[in-house]
$ cat upload_2.cif   # mmCIF, C-alpha atoms and all ligand atoms
data_final
loop_
_atom_site.label_atom_id
_atom_site.label_comp_id
_atom_site.auth_asym_id
_atom_site.auth_seq_id
_atom_site.Cartn_x
_atom_site.Cartn_y
_atom_site.Cartn_z
CA MET A 1 -12.78 -2.58 4.46
CA ILE A 2 -9.74 -1.65 6.53
CA MET A 3 -7.64 1.10 4.97
CA VAL A 4 -3.93 0.45 5.37
CA GLU A 5 -2.08 3.62 6.15
CA ASN A 6 0.91 4.61 4.05
CA ILE A 7 3.18 5.83 6.80
CA ILE A 8 5.75 7.04 4.23
CA GLN A 9 5.22 8.12 0.64
CA ALA A 10 7.86 9.31 -1.76
CA LYS A 11 6.81 10.91 -5.05
CA ASP A 12 9.24 11.29 -7.92
CA VAL A 13 12.27 11.94 -5.74
CA VAL A 14 15.31 13.25 -7.58
CA LYS A 15 18.60 13.97 -5.84
CA SER A 16 21.44 15.58 -7.74
CA TYR A 17 24.83 16.59 -6.39
CA VAL A 18 26.63 19.32 -8.31
CA LEU A 19 30.41 18.96 -8.08
CA GLY A 20 32.09 21.70 -10.16
CA GLU A 21 31.25 20.95 -13.78
CA THR A 22 29.72 17.53 -13.18
CA THR A 23 26.34 16.61 -11.77
CA VAL A 24 25.86 13.27 -10.02
CA ASN A 25 22.27 12.07 -10.21
CA ALA A 26 22.12 9.86 -7.12
CA LEU A 27 18.32 9.41 -7.42
CA ASN A 28 16.47 9.69 -10.73
CA GLY A 29 12.76 9.76 -9.84
CA VAL A 30 11.96 7.32 -7.05
CA SER A 31 8.37 6.80 -5.91
CA LEU A 32 7.52 4.37 -3.15
CA ASP A 33 5.04 3.62 -0.38
CA VAL A 34 5.70 2.21 3.05
CA LYS A 35 2.80 0.77 5.05
CA LYS A 36 2.66 0.95 8.81
CA SER A 37 4.00 -2.08 10.70
CA GLN A 38 5.89 -3.47 7.73
CA ILE A 39 9.53 -4.24 7.15
CA ILE A 40 10.65 -2.66 3.87
CA MET A 41 14.05 -3.49 2.48
CA ILE A 42 16.07 -1.61 -0.10
CA LEU A 43 18.60 -3.60 -2.11
CA GLY A 44 20.97 -2.59 -4.85
CA PRO A 45 24.62 -2.41 -5.92
CA SER A 46 27.15 -0.09 -4.28
CA GLY A 47 26.61 3.50 -5.45
CA SER A 48 23.03 2.85 -6.62
CA GLY A 49 21.59 5.48 -4.23
CA LYS A 50 20.42 3.39 -1.26
CA SER A 51 21.89 5.54 1.52
CA THR A 52 20.83 8.73 -0.28
CA LEU A 53 17.27 7.40 -0.50
CA LEU A 54 17.23 6.34 3.16
CA HIS A 55 18.44 9.79 4.29
CA ILE A 56 15.73 11.48 2.22
CA LEU A 57 12.96 9.12 3.42
CA GLY A 58 14.16 9.74 6.99
CA ALA A 59 13.97 13.53 6.57
CA LEU A 60 17.71 13.91 7.13
CA ASP A 61 18.22 15.34 3.66
CA HIS A 62 16.03 17.18 1.14
CA PRO A 63 15.30 15.94 -2.37
CA THR A 64 16.37 18.21 -5.25
CA THR A 65 12.84 17.75 -6.62
CA GLY A 66 9.92 15.55 -5.61
CA ASP A 67 8.14 15.14 -2.29
CA VAL A 68 8.27 12.98 0.81
CA TYR A 69 5.30 12.53 3.15
CA ILE A 70 5.76 10.95 6.57
CA LYS A 71 2.64 10.23 8.61
CA GLY A 72 0.78 12.36 6.07
CA LYS A 73 3.01 15.40 6.64
CA LYS A 74 4.80 16.93 3.70
CA ILE A 75 8.33 17.05 5.05
CA SER A 76 9.49 19.95 2.84
CA GLU A 77 6.85 22.18 4.43
CA LEU A 78 8.24 21.81 7.96
CA ASP A 79 10.78 24.38 9.16
CA ASP A 80 14.10 23.14 10.57
CA PHE A 81 12.97 23.27 14.20
CA SER A 82 9.70 21.38 13.59
CA LEU A 83 11.59 18.87 11.51
CA ALA A 84 14.14 18.26 14.28
CA VAL A 85 11.34 17.70 16.82
CA PHE A 86 9.45 15.45 14.40
CA ARG A 87 12.57 13.37 13.75
CA ARG A 88 13.40 13.08 17.43
CA TYR A 89 10.00 11.69 18.45
CA TYR A 90 8.92 9.67 15.44
CA LEU A 91 12.06 8.51 13.63
CA GLY A 92 15.08 6.42 14.59
CA PHE A 93 18.17 6.11 12.43
CA VAL A 94 20.95 3.50 12.28
CA PHE A 95 23.68 4.99 10.08
CA GLN A 96 25.95 2.98 7.79
CA SER A 97 28.94 4.57 9.55
CA PHE A 98 27.28 4.40 13.03
CA ASN A 99 27.91 8.13 13.82
CA LEU A 100 28.73 7.53 17.48
CA ILE A 101 30.33 10.41 19.41
CA PRO A 102 33.93 9.32 20.20
CA THR A 103 34.22 11.21 23.50
CA LEU A 104 31.02 9.73 24.98
CA ASN A 105 30.71 6.22 26.39
CA VAL A 106 28.23 3.60 25.22
CA LEU A 107 25.45 4.58 27.63
CA GLU A 108 25.89 8.31 26.91
CA ASN A 109 25.81 7.68 23.16
CA VAL A 110 22.49 5.84 23.43
CA LEU A 111 21.09 8.75 25.48
CA ILE A 112 22.03 11.46 22.92
CA PRO A 113 18.51 11.70 21.39
CA THR A 114 17.08 12.32 24.89
CA ILE A 115 19.39 15.28 25.71
CA PRO A 116 16.81 17.96 24.79
CA ASP A 117 14.41 16.40 27.34
CA GLY A 118 16.91 16.76 30.21
CA LYS A 119 18.35 14.11 32.48
CA ASN A 120 15.84 11.43 33.24
CA GLU A 121 16.30 8.21 35.22
CA GLU A 122 13.55 6.46 33.25
CA LYS A 123 15.43 7.05 29.97
CA THR A 124 18.68 5.83 31.55
CA GLN A 125 16.96 2.59 32.58
CA ARG A 126 15.47 2.28 29.09
CA ALA A 127 18.92 2.80 27.54
CA ILE A 128 20.34 0.05 29.75
CA SER A 129 17.56 -2.37 28.85
CA LEU A 130 17.96 -1.62 25.11
CA LEU A 131 21.71 -2.21 25.44
CA LYS A 132 20.87 -5.50 27.13
CA ALA A 133 18.54 -6.40 24.25
CA VAL A 134 21.38 -5.89 21.74
CA GLY A 135 23.87 -7.73 23.96
CA MET A 136 25.89 -4.68 25.00
CA SER A 137 25.05 -4.18 28.68
CA HIS A 138 28.55 -5.34 29.68
CA ARG A 139 30.14 -2.38 27.85
CA LEU A 140 28.25 0.64 29.23
CA LYS A 141 31.39 2.66 30.08
CA HIS A 142 33.40 1.84 26.95
CA LYS A 143 34.13 4.55 24.38
CA PRO A 144 33.39 3.76 20.69
CA ALA A 145 37.13 3.35 19.93
CA GLU A 146 37.25 0.56 22.51
CA LEU A 147 34.54 -1.44 20.71
CA SER A 148 34.53 -3.77 17.72
CA GLY A 149 32.64 -2.78 14.54
CA GLY A 150 29.74 -5.09 15.37
CA GLU A 151 29.57 -3.70 18.92
CA ARG A 152 29.41 -0.12 17.60
CA GLN A 153 26.65 -1.20 15.25
CA ARG A 154 24.66 -2.63 18.16
CA VAL A 155 25.09 0.58 20.18
CA SER A 156 23.78 2.57 17.22
CA ILE A 157 20.73 0.26 17.04
CA ALA A 158 20.00 0.87 20.75
CA ARG A 159 20.34 4.63 20.17
CA ALA A 160 17.87 4.51 17.26
CA LEU A 161 15.27 2.97 19.60
CA ILE A 162 15.75 5.16 22.69
CA ASN A 163 12.86 7.56 22.01
CA ASP A 164 10.56 4.68 21.03
CA PRO A 165 10.16 5.90 17.41
CA GLU A 166 7.36 4.66 15.16
CA ILE A 167 9.65 4.34 12.16
CA ILE A 168 13.21 3.01 12.19
CA PHE A 169 15.57 3.55 9.26
CA ALA A 170 18.63 1.32 9.21
CA ASP A 171 21.54 1.28 6.76
CA GLU A 172 23.08 -2.24 6.76
CA PRO A 173 22.19 -2.85 10.43
CA THR A 174 23.64 -6.38 10.49
CA GLY A 175 26.56 -5.74 8.12
CA ASN A 176 29.20 -6.24 10.82
CA LEU A 177 27.51 -8.91 12.92
CA ASP A 178 28.12 -12.65 13.19
CA THR A 179 25.22 -15.01 12.44
CA LYS A 180 24.10 -15.40 16.04
CA THR A 181 24.20 -11.69 16.91
CA GLY A 182 22.59 -10.85 13.56
CA GLN A 183 19.75 -13.26 14.37
CA SER A 184 19.19 -11.59 17.75
CA ILE A 185 18.82 -8.24 15.95
CA VAL A 186 16.38 -9.87 13.49
CA ASP A 187 14.36 -11.23 16.44
CA LEU A 188 14.28 -7.76 18.00
CA ILE A 189 13.09 -6.19 14.71
CA LEU A 190 10.33 -8.81 14.26
CA LYS A 191 9.19 -8.35 17.86
CA LEU A 192 9.01 -4.57 17.43
CA ARG A 193 7.00 -4.95 14.21
CA ASP A 194 4.57 -7.55 15.56
CA LYS A 195 4.09 -6.41 19.17
CA GLU A 196 4.56 -2.65 18.85
CA LYS A 197 3.54 -2.08 15.20
CA LYS A 198 6.86 -0.43 14.37
CA THR A 199 7.77 0.23 10.76
CA PHE A 200 11.26 -0.50 9.41
CA VAL A 201 13.02 0.72 6.29
CA ILE A 202 16.24 -1.22 5.96
CA VAL A 203 19.08 -1.13 3.45
CA THR A 204 20.74 -4.53 3.39
CA HIS A 205 22.58 -7.21 1.43
CA ASP A 206 22.14 -9.76 4.20
CA PRO A 207 20.11 -12.81 3.02
CA SER A 208 19.34 -13.73 6.63
CA LEU A 209 17.50 -10.38 6.81
CA THR A 210 15.90 -10.14 3.34
CA LYS A 211 13.77 -13.22 3.94
CA TYR A 212 11.86 -11.31 6.63
CA ALA A 213 10.97 -8.37 4.37
CA ASP A 214 7.30 -7.60 3.75
CA LYS A 215 8.35 -5.70 0.63
CA ILE A 216 11.64 -5.36 -1.22
CA TYR A 217 12.60 -2.45 -3.49
CA HIS A 218 15.57 -3.09 -5.76
CA ILE A 219 17.34 0.04 -6.90
CA ARG A 220 19.81 0.49 -9.69
CA ASP A 221 21.36 3.75 -10.96
CA GLY A 222 19.05 5.77 -8.74
CA LYS A 223 15.86 4.17 -10.03
CA ILE A 224 13.60 1.41 -8.73
CA SER A 225 14.25 -1.62 -10.92
CA ASP A 226 12.08 -4.22 -9.21
CA ILE A 227 9.52 -4.53 -6.39
CA LYS A 228 8.65 -7.73 -4.51
CA GLY A 229 5.78 -7.89 -2.02
CA LYS A 230 2.87 -5.57 -1.32
N1 LIG B 1 27.42 14.21 -0.79
C1 LIG B 1 27.61 13.71 -2.02
N2 LIG B 1 28.16 14.45 -2.99
C2 LIG B 1 28.34 13.96 -4.23
N3 LIG B 1 28.01 12.71 -4.61
C3 LIG B 1 27.44 11.92 -3.69
C4 LIG B 1 27.22 12.36 -2.34
N4 LIG B 1 26.65 11.35 -1.65
C5 LIG B 1 26.53 10.33 -2.52
N5 LIG B 1 27.01 10.66 -3.74
C6 LIG B 1 27.02 9.81 -4.96
O1 LIG B 1 25.68 9.35 -5.17
C7 LIG B 1 25.66 7.99 -5.55
C8 LIG B 1 24.81 7.18 -4.57
O2 LIG B 1 25.44 7.12 -3.31
P1 LIG B 1 24.88 6.29 -2.08
O3 LIG B 1 25.73 6.59 -0.90
O4 LIG B 1 23.43 6.59 -1.94
O5 LIG B 1 25.09 4.79 -2.58
P2 LIG B 1 24.75 3.41 -1.85
O6 LIG B 1 23.78 2.68 -2.72
O7 LIG B 1 24.36 3.66 -0.45
O8 LIG B 1 26.16 2.64 -1.91
P3 LIG B 1 26.84 1.62 -0.83
O9 LIG B 1 26.20 0.28 -1.01
O10 LIG B 1 28.28 1.60 -1.29
O11 LIG B 1 26.69 2.18 0.54
C9 LIG B 1 27.12 7.55 -5.62
O12 LIG B 1 27.53 7.61 -6.94
C10 LIG B 1 27.85 8.55 -4.78
O13 LIG B 1 29.16 8.72 -5.21
MG MG B 2 25.25 3.24 1.37
#

$ encode --input "upload_2.cif" --output "structure tokens"
Amino acid sequence: MIMVENIIQAKDVVKSYVLGETTVNALNGVSLDVKKSQIIMILGPSGSGKSTLLHILGALDHPTTGDVYIKGKKISELDDFSLAVFRRYYLGFVFQSFNLIPTLNVLENVLIPTIPDGKNEEKTQRAISLLKAVGMSHRLKHKPAELSGGERQRVSIARALINDPEIIFADEPTGNLDTKTGQSIVDLILKLRDKEKKTFVIVTHDPSLTKYADKIYHIRDGKISDIKGK
């Protein structure tokens, strides 16, 4: 029998934000498993905790209680430096708000995760080919403010892939794209899953994306309300 590896495991994750006298419980005990080389999607209404969950699964934020394991490592046991290195080499992130640096051009933004490794012609060529794959190679010298929302989104997708991460987290990656561009991103995701065994955890409302999910978690009020797929 072949054992399928759980590349991510979350156990009873609770995330509370204390604001003065009130406490917001963004996540109320979420447990989930992500298998390698699958596309997992997280769906749910606005404010249900999707982005919070994605940040915690991607080791960008700590749960208030509960545990997250990535590649068998308990994330809360890594110190900040080890965590930063781990994130840089294994995880890619496409943020809901893109998080591009306004003073850097498109090519420089994609190269940000490679800065600690020093300047490297191979990475520059990889950045250019990723920008080509997302249809942005004609805008290498543009600054984020000179791009449309969908173009910024595509730059942030290229940046998430620059260090060839095993796991890619994406918050509404096709939210600003037209049907044709959205489909090219879908094709890229499917290719990365099938040819390179990449794992994706994607927050989305986009029906043209959800039909490709291996597993869908619905969340509501910070809890998993429904699971489809294995
Ligand atoms: N830093 C924070 N401080 C306080 N409350 C927060 C913080 N971040 C999120 N929240 C609250 O936690 C809840 C979940 O937020 P989250 O951003 O995860 O929702 P979401 O499902 O991603 O919504 P959307 O679809 O609108 O992006 C919301 O009620 C939000 O107001
Ligand atoms: Mg969100």

$ closest_residue --input "upload_2.cif" --among "A:Ser129, A:Ser97, A:Ser48, A:Asn105" --to "ligand LIG 1 (chain B)" --atoms "only C-alpha atoms and all ligand atoms"
A:Ser48

$ residues_near_ligand --input "upload_2.cif" --ligand "ligand MG 2 (chain B)" --cutoff "10 Å" --atoms "all atoms listed in the file" --output "PyMOL selection string"
chain A and resi 44-55+95-97+171-172+203-204

$ closest_residue --input "upload_2.cif" --among "A:Ile112, A:Ile202, A:Leu140, A:Val85" --to "ligand LIG 1 (chain B)" --atoms "only C-alpha atoms and all ligand atoms"
A:Ile202

$ residues_around --input "upload_2.cif" --residues "Thr114 in chain A" --least-positions-apart "5" --cutoff "10 Å" --atoms "all atoms listed in the file" --output "list in words"
Arg88, Tyr89, Glu108, Lys119, Asn120, Lys123, Thr124, Arg159, Ile162 and Asn163 of chain A

$ write_last_selection --input "upload_2.cif" --atoms "C-alpha atoms" --output "PDB file, in the frame of the given file"
ATOM      1  CA  ARG A  88      13.400  13.080  17.430  1.00  0.00           C
ATOM      2  CA  TYR A  89      10.000  11.690  18.450  1.00  0.00           C
ATOM      3  CA  GLU A 108      25.890   8.310  26.910  1.00  0.00           C
ATOM      4  CA  LYS A 119      18.350  14.110  32.480  1.00  0.00           C
ATOM      5  CA  ASN A 120      15.840  11.430  33.240  1.00  0.00           C
ATOM      6  CA  LYS A 123      15.430   7.050  29.970  1.00  0.00           C
ATOM      7  CA  THR A 124      18.680   5.830  31.550  1.00  0.00           C
ATOM      8  CA  ARG A 159      20.340   4.630  20.170  1.00  0.00           C
ATOM      9  CA  ILE A 162      15.750   5.160  22.690  1.00  0.00           C
ATOM     10  CA  ASN A 163      12.860   7.560  22.010  1.00  0.00           C
TER      11      ASN A 163
END

$ axis_aligned_box --input "upload_2.cif" --around "ligand LIG 1 (chain B)" --padding-each-side "4 Å" --output "lines of an AutoDock Vina configuration file"
center_x = 26.3
center_y = 7.4
center_z = -3.2
size_x = 13.7
size_y = 22.2
size_z = 15.5

$ atom_distance --input "upload_2.cif" --atom1 "CA of Ser208 in chain A" --atom2 "CA of Ile185 in chain A"
10.8 Å
